[in-house]
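Novice: What follows is a structure written as structure tokens; I'll ask about it next.
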Amino acid sequence: MPNQNLPANVDELLQFISMNVNSDGYDKQLAPVLKQIPPQYYLQSTSDNRDPLDLLDQTIFSLPYTYFLAARCQADRPNTARLIQYILQFLTVFDANQVRLIPDKFLQVAQGLCRLATLYGNGNSVIAIKPLANAIQRYALTPNHLTNLHQMFVKECLLLKCYKQALPILQNDITEIDVQVISAPANVTSQIQIEAYKKFTLVSLLLHGKIAQLPKYTANVVFRSVKNQCQAYQDYASAFESLNVKRLRNEFNKWTDAFRKDKNLGLAKQTLDAIYRRNIQQLTQTYLTLSLADIADAVGLEGHDAPKMAESYVLRMIESREIFATISHSHQNGMVSFHDNPDRYDTSLTITQLEEQINKATTVSERVIKTDRIVGCSKEYLQKSQHILAGGAIPGGLGPGDDPDFLGGGGGYENFIDDGKYFS
């Protein structure tokens, strides 16, 4: 529709929307016009002073409704409580096919909800978390699709410490990426990768007691960059792996400002607690029985209340099944007896869990095979393969001399060897 034929006011706009509701080509007829409409139109009421948000069906007219909401979210002084109600209701009923035509506007609505919820909740936007999680599940083509809402949602969960709410979204294996999601550059290391590696280091210490190895396909430039730019984290990890409490505390004091600047101080503080648990786990490999005082001394706990602190750690570790032990107070200092895992893995629950893991591994395997076939037939892959076999190199990545197995067997899923890294 030429500019001169655009609706002249919100009444004409609503009439145009109604006329095109049954159109087969939302993307060809309605969407281009809505894109050209001046933003102030979406803020206006009708000539009889009615709100278009009350007149449009949120499911049937999801495309124009998103434009109205996005504009309201950008307004200087919106009716916060009322607009939040409109958005919350819309996120439960919107037509995903329509909304996917305007991902930028839908993102503005999601961002607007977080901003409005912060204002309404006096700095706390927690009421937006669950609706956003449901919206992502509705908006994504499949649970394995990465959308332009994922990053914003996870960020909000981290800021509000709503970690459990993010877990169902993060547990999905991402195999498809929307065109709106921009990947990290291949020939240089982005700051996002550097910051991610810093958090990866601290989380690895909490989960594994050491820095987990990066995948073999990680570009060499990334290895070089993290080595040069993450020295504080490398030193701190080395101290943690030594299980020397005093050394770890010295490194923590040394790099506290760096952790605070990177907003990783909370994670780093958790490692100060985790090292005691790691040391207690080490004791179970050597001793069958120890007094609480001996445990406190062995793991580096200090002070008059050290035995009580040791007992607290042991109790928590028993509850979380990190260790298997019993505590007896018949002895003056309290005795701890360490045991083997009593679970024989012969219950129906174990079988159910095993079947779930097998099904999950099978699904991943099928996706890998499908993706391998698609990539193996693509023009870009064939050209890159020929370039590498001719002696070239991938920008920022591995060349033929860096990895003797890289494309050496011709590629393909048939040559994939699982070392327990992917399906363990």
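Within each chain, counting starts at residue 1; across the structure tokens, chains are named A, B, ... in the order shown, with ligands numbered 1 upward in that order.
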If you run DSSP on the backbone, which residues of stretch 48-244 of chain A are strand (DSSP E or B), as a ChimeraX atom specification?
Specialist: /A:145-146,176-177
Novice: Just the selected residues (C-alpha atoms), exported as an mmCIF file, in the first residue's frame, please.
Specialist:
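Now in result-v8.cif:
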data_model
loop_
_atom_site.group_PDB
_atom_site.id
_atom_site.type_symbol
_atom_site.label_atom_id
_atom_site.label_comp_id
_atom_site.auth_asym_id
_atom_site.auth_seq_id
_atom_site.Cartn_x
_atom_site.Cartn_y
_atom_site.Cartn_z
ATOM 1 C CA HIS A 145 14.799 -23.470 18.803
ATOM 2 C CA LEU A 146 16.874 -20.556 20.111
ATOM 3 C CA GLU A 176 17.897 -24.623 15.627
ATOM 4 C CA ILE A 177 18.672 -20.904 15.727
#
Novice: As a list in words, please: the residues near A:Leu267 (cut-off 10 Å, only C-alpha atoms, same-chain neighbours under 5 positions excluded).
Specialist: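 What passes the distance filter is Lys199, Thr201, Leu202, Val203, Leu205, Leu206, Phe259 and Leu272 of chain A.
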Novice: Select, from A:Lys210, A:Leu290, A:Val364, A:Gln89, the residue with the minimum atom-to-atom distance to A:Ile174, counting only C-alpha atoms.
Specialist: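 Using only C-alpha atoms, A:Ile174 sits closest to A:Val364.
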Novice: So that I can see what lies close to A:Leu91, please list as a VMD selection string the residues with an atom at most 8 Å from it, counting only C-alpha atoms and leaving out residues fewer than 5 positions away in the same chain.
Specialist: chain A and resid 131 to 132 134 to 135
Novice: Identify which of the residues A:Ser242, A:Phe61, A:Gln353, A:His387 lies closest to A:Met19, counting only C-alpha atoms when measuring atom-to-atom distances.
Specialist: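 Ranking A:Ser242, A:Phe61, A:Gln353, A:His387 by distance to A:Met19, first place goes to A:Phe61.
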Novice: Check stretch 68-290 of chain A with DSSP on the backbone and list each residue it calls alpha helix (DSSP H), as a ChimeraX atom specification.
Specialist: /A:68-74,80-93,96-99,103-120,129-139,150-159,163-170,191-208,220-229,231-241,245-261,265-284
Novice: Please report as a Markdown table every residue of stretch 136-241 of chain A lying within 9 Å of stretch 252-257 of chain A, along with the nearest atom pair and their distance in Å (one decimal), using only C-alpha atoms.
Specialist:
| residue | atom | partner | partner_atom | distance |
| --- | --- | --- | --- | --- |
| A:Ala232 | CA | A:Trp255 | CA | 6.3 |
| A:Tyr233 | CA | A:Trp255 | CA | 8.5 |
| A:Tyr236 | CA | A:Phe252 | CA | 7.1 |
Novice: Restrict the selected residues to N, CA and C atoms and save them as a compact mmCIF listing (two decimals), in the first residue's frame.
Specialist:
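Once everything was written out, this is out_17.txt:
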# COMPACT_ATOMS: atom_id res chain seq x y z
N ALA A 232 43.43 -14.17 36.28
CA ALA A 232 42.93 -14.23 37.67
C ALA A 232 42.17 -15.52 37.90
N TYR A 233 41.37 -15.91 36.94
CA TYR A 233 40.56 -17.11 37.08
C TYR A 233 41.40 -18.37 36.96
N TYR A 236 43.15 -18.67 40.30
CA TYR A 236 42.19 -19.06 41.35
C TYR A 236 41.81 -20.53 41.22
Novice: With a distance cut-off of 8 Å and only C-alpha atoms, select the neighbouring residues of A:Ser45, excluding the residue or stretch itself and same-chain residues fewer than 6 positions from it, and output the selection as JSON, numbers by chain.
Specialist: {"A": [10, 51, 52]}
Novice: Set out as a tab-separated table a contact list for stretch 21-73 of chain A and stretch 108-127 of chain A with a cut-off of 8 Å, giving each residue of stretch 21-73 of chain A that qualifies its closest atom pair and distance in Å to one decimal, counting only C-alpha atoms, ordered by chain and rising residue number.
Specialist:
residue	atom	partner	partner_atom	distance
A:Thr66	CA	A:Val109	CA	7.2
A:Leu69	CA	A:Val109	CA	6.2
A:Ala70	CA	A:Val109	CA	5.0
A:Cys73	CA	A:Gly112	CA	5.0
Novice: Please produce a file of the residues just selected, as a tab-separated table (two decimals), in the first residue's frame, where the atoms kept are all heavy atoms.
Specialist:
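Dumped to out.tsv:
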chain	number	residue	atom	x	y	z
A	66	THR	N	0.39	-6.82	18.67
A	66	THR	CA	1.79	-6.69	19.08
A	66	THR	C	2.31	-5.29	18.82
A	66	THR	O	3.05	-4.72	19.63
A	66	THR	CB	2.66	-7.73	18.36
A	66	THR	OG1	2.15	-9.04	18.61
A	66	THR	CG2	4.10	-7.67	18.84
A	69	LEU	N	0.90	-2.98	21.49
A	69	LEU	CA	1.57	-3.18	22.78
A	69	LEU	C	3.00	-2.63	22.77
A	69	LEU	O	3.44	-2.00	23.74
A	69	LEU	CB	1.60	-4.68	23.12
A	69	LEU	CG	0.29	-5.32	23.56
A	69	LEU	CD1	0.50	-6.81	23.81
A	69	LEU	CD2	-0.27	-4.65	24.81
A	70	ALA	N	3.73	-2.89	21.68
A	70	ALA	CA	5.12	-2.42	21.59
A	70	ALA	C	5.18	-0.91	21.69
A	70	ALA	O	6.06	-0.34	22.36
A	70	ALA	CB	5.75	-2.90	20.29
A	73	CYS	N	4.52	0.20	25.23
A	73	CYS	CA	5.68	-0.07	26.11
A	73	CYS	C	6.76	0.99	25.95
A	73	CYS	O	7.56	1.20	26.87
A	73	CYS	CB	6.26	-1.45	25.79
A	73	CYS	SG	5.23	-2.84	26.30
Novice: Taking 2 positions as the minimum chain separation for residues in the same chain, which residues sit within 12 Å of A:Gln285 when counting only C-alpha atoms? Answer as a PyMOL selection string.
Specialist: chain A and resi 278-283+287-289+323-324+338-340
Novice: Counting only C-alpha atoms, figure out which residue out of A:Ala268, A:Ile192, A:Ile102, A:Ala306 gets nearest to A:Asn148.
Specialist: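 Using only C-alpha atoms, A:Asn148 sits closest to A:Ile102.
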Novice: Mind pulling up the distance from atom CA of A:Leu56 to atom CA of A:Asn79?
Specialist: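 According to the coordinates, atom CA of A:Asn79 and atom CA of A:Leu56 are separated by 18.5 Å.
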Novice: Write out as a PyMOL selection string the residues lying within 12 Å of A:Leu214, counting only C-alpha atoms and excluding same-chain residues fewer than 6 positions away.
Specialist: chain A and resi 197+200-201+204+220+222-223+226+421
Novice: Stretch 222-285 of chain A near stretch 300-305 of chain A within 9 Å: what's each residue's closest atom pair and its distance in Å to one decimal, counting only C-alpha atoms, ordered by chain then ascending residue number, as JSON lines?
Specialist:
{"residue": "A:Asn244", "atom": "CA", "partner": "A:Gly300", "partner_atom": "CA", "distance": 7.9}
{"residue": "A:Val245", "atom": "CA", "partner": "A:Gly300", "partner_atom": "CA", "distance": 6.1}
{"residue": "A:Lys246", "atom": "CA", "partner": "A:Gly300", "partner_atom": "CA", "distance": 7.9}
{"residue": "A:Tyr276", "atom": "CA", "partner": "A:Gly300", "partner_atom": "CA", "distance": 7.4}
{"residue": "A:Asn279", "atom": "CA", "partner": "A:Gly300", "partner_atom": "CA", "distance": 8.6}
Novice: Could those selected residues go to a file with N, CA and C atoms, as an mmCIF file, in the first residue's frame?
Specialist:
data_model
loop_
_atom_site.group_PDB
_atom_site.id
_atom_site.type_symbol
_atom_site.label_atom_id
_atom_site.label_comp_id
_atom_site.auth_asym_id
_atom_site.auth_seq_id
_atom_site.Cartn_x
_atom_site.Cartn_y
_atom_site.Cartn_z
ATOM 1 N N ASN A 244 43.991 -26.480 49.029
ATOM 2 C CA ASN A 244 44.640 -25.777 50.129
ATOM 3 C C ASN A 244 43.803 -24.542 50.468
ATOM 4 N N VAL A 245 43.135 -24.573 51.625
ATOM 5 C CA VAL A 245 42.203 -23.508 51.980
ATOM 6 C C VAL A 245 42.905 -22.163 52.104
ATOM 7 N N LYS A 246 44.059 -22.135 52.760
ATOM 8 C CA LYS A 246 44.770 -20.864 52.943
ATOM 9 C C LYS A 246 45.205 -20.276 51.611
ATOM 10 N N TYR A 276 35.693 -26.829 51.265
ATOM 11 C CA TYR A 276 35.574 -27.669 52.463
ATOM 12 C C TYR A 276 34.860 -28.977 52.124
ATOM 13 N N ASN A 279 37.220 -31.235 50.281
ATOM 14 C CA ASN A 279 38.188 -31.853 51.187
ATOM 15 C C ASN A 279 37.557 -32.992 51.987
#
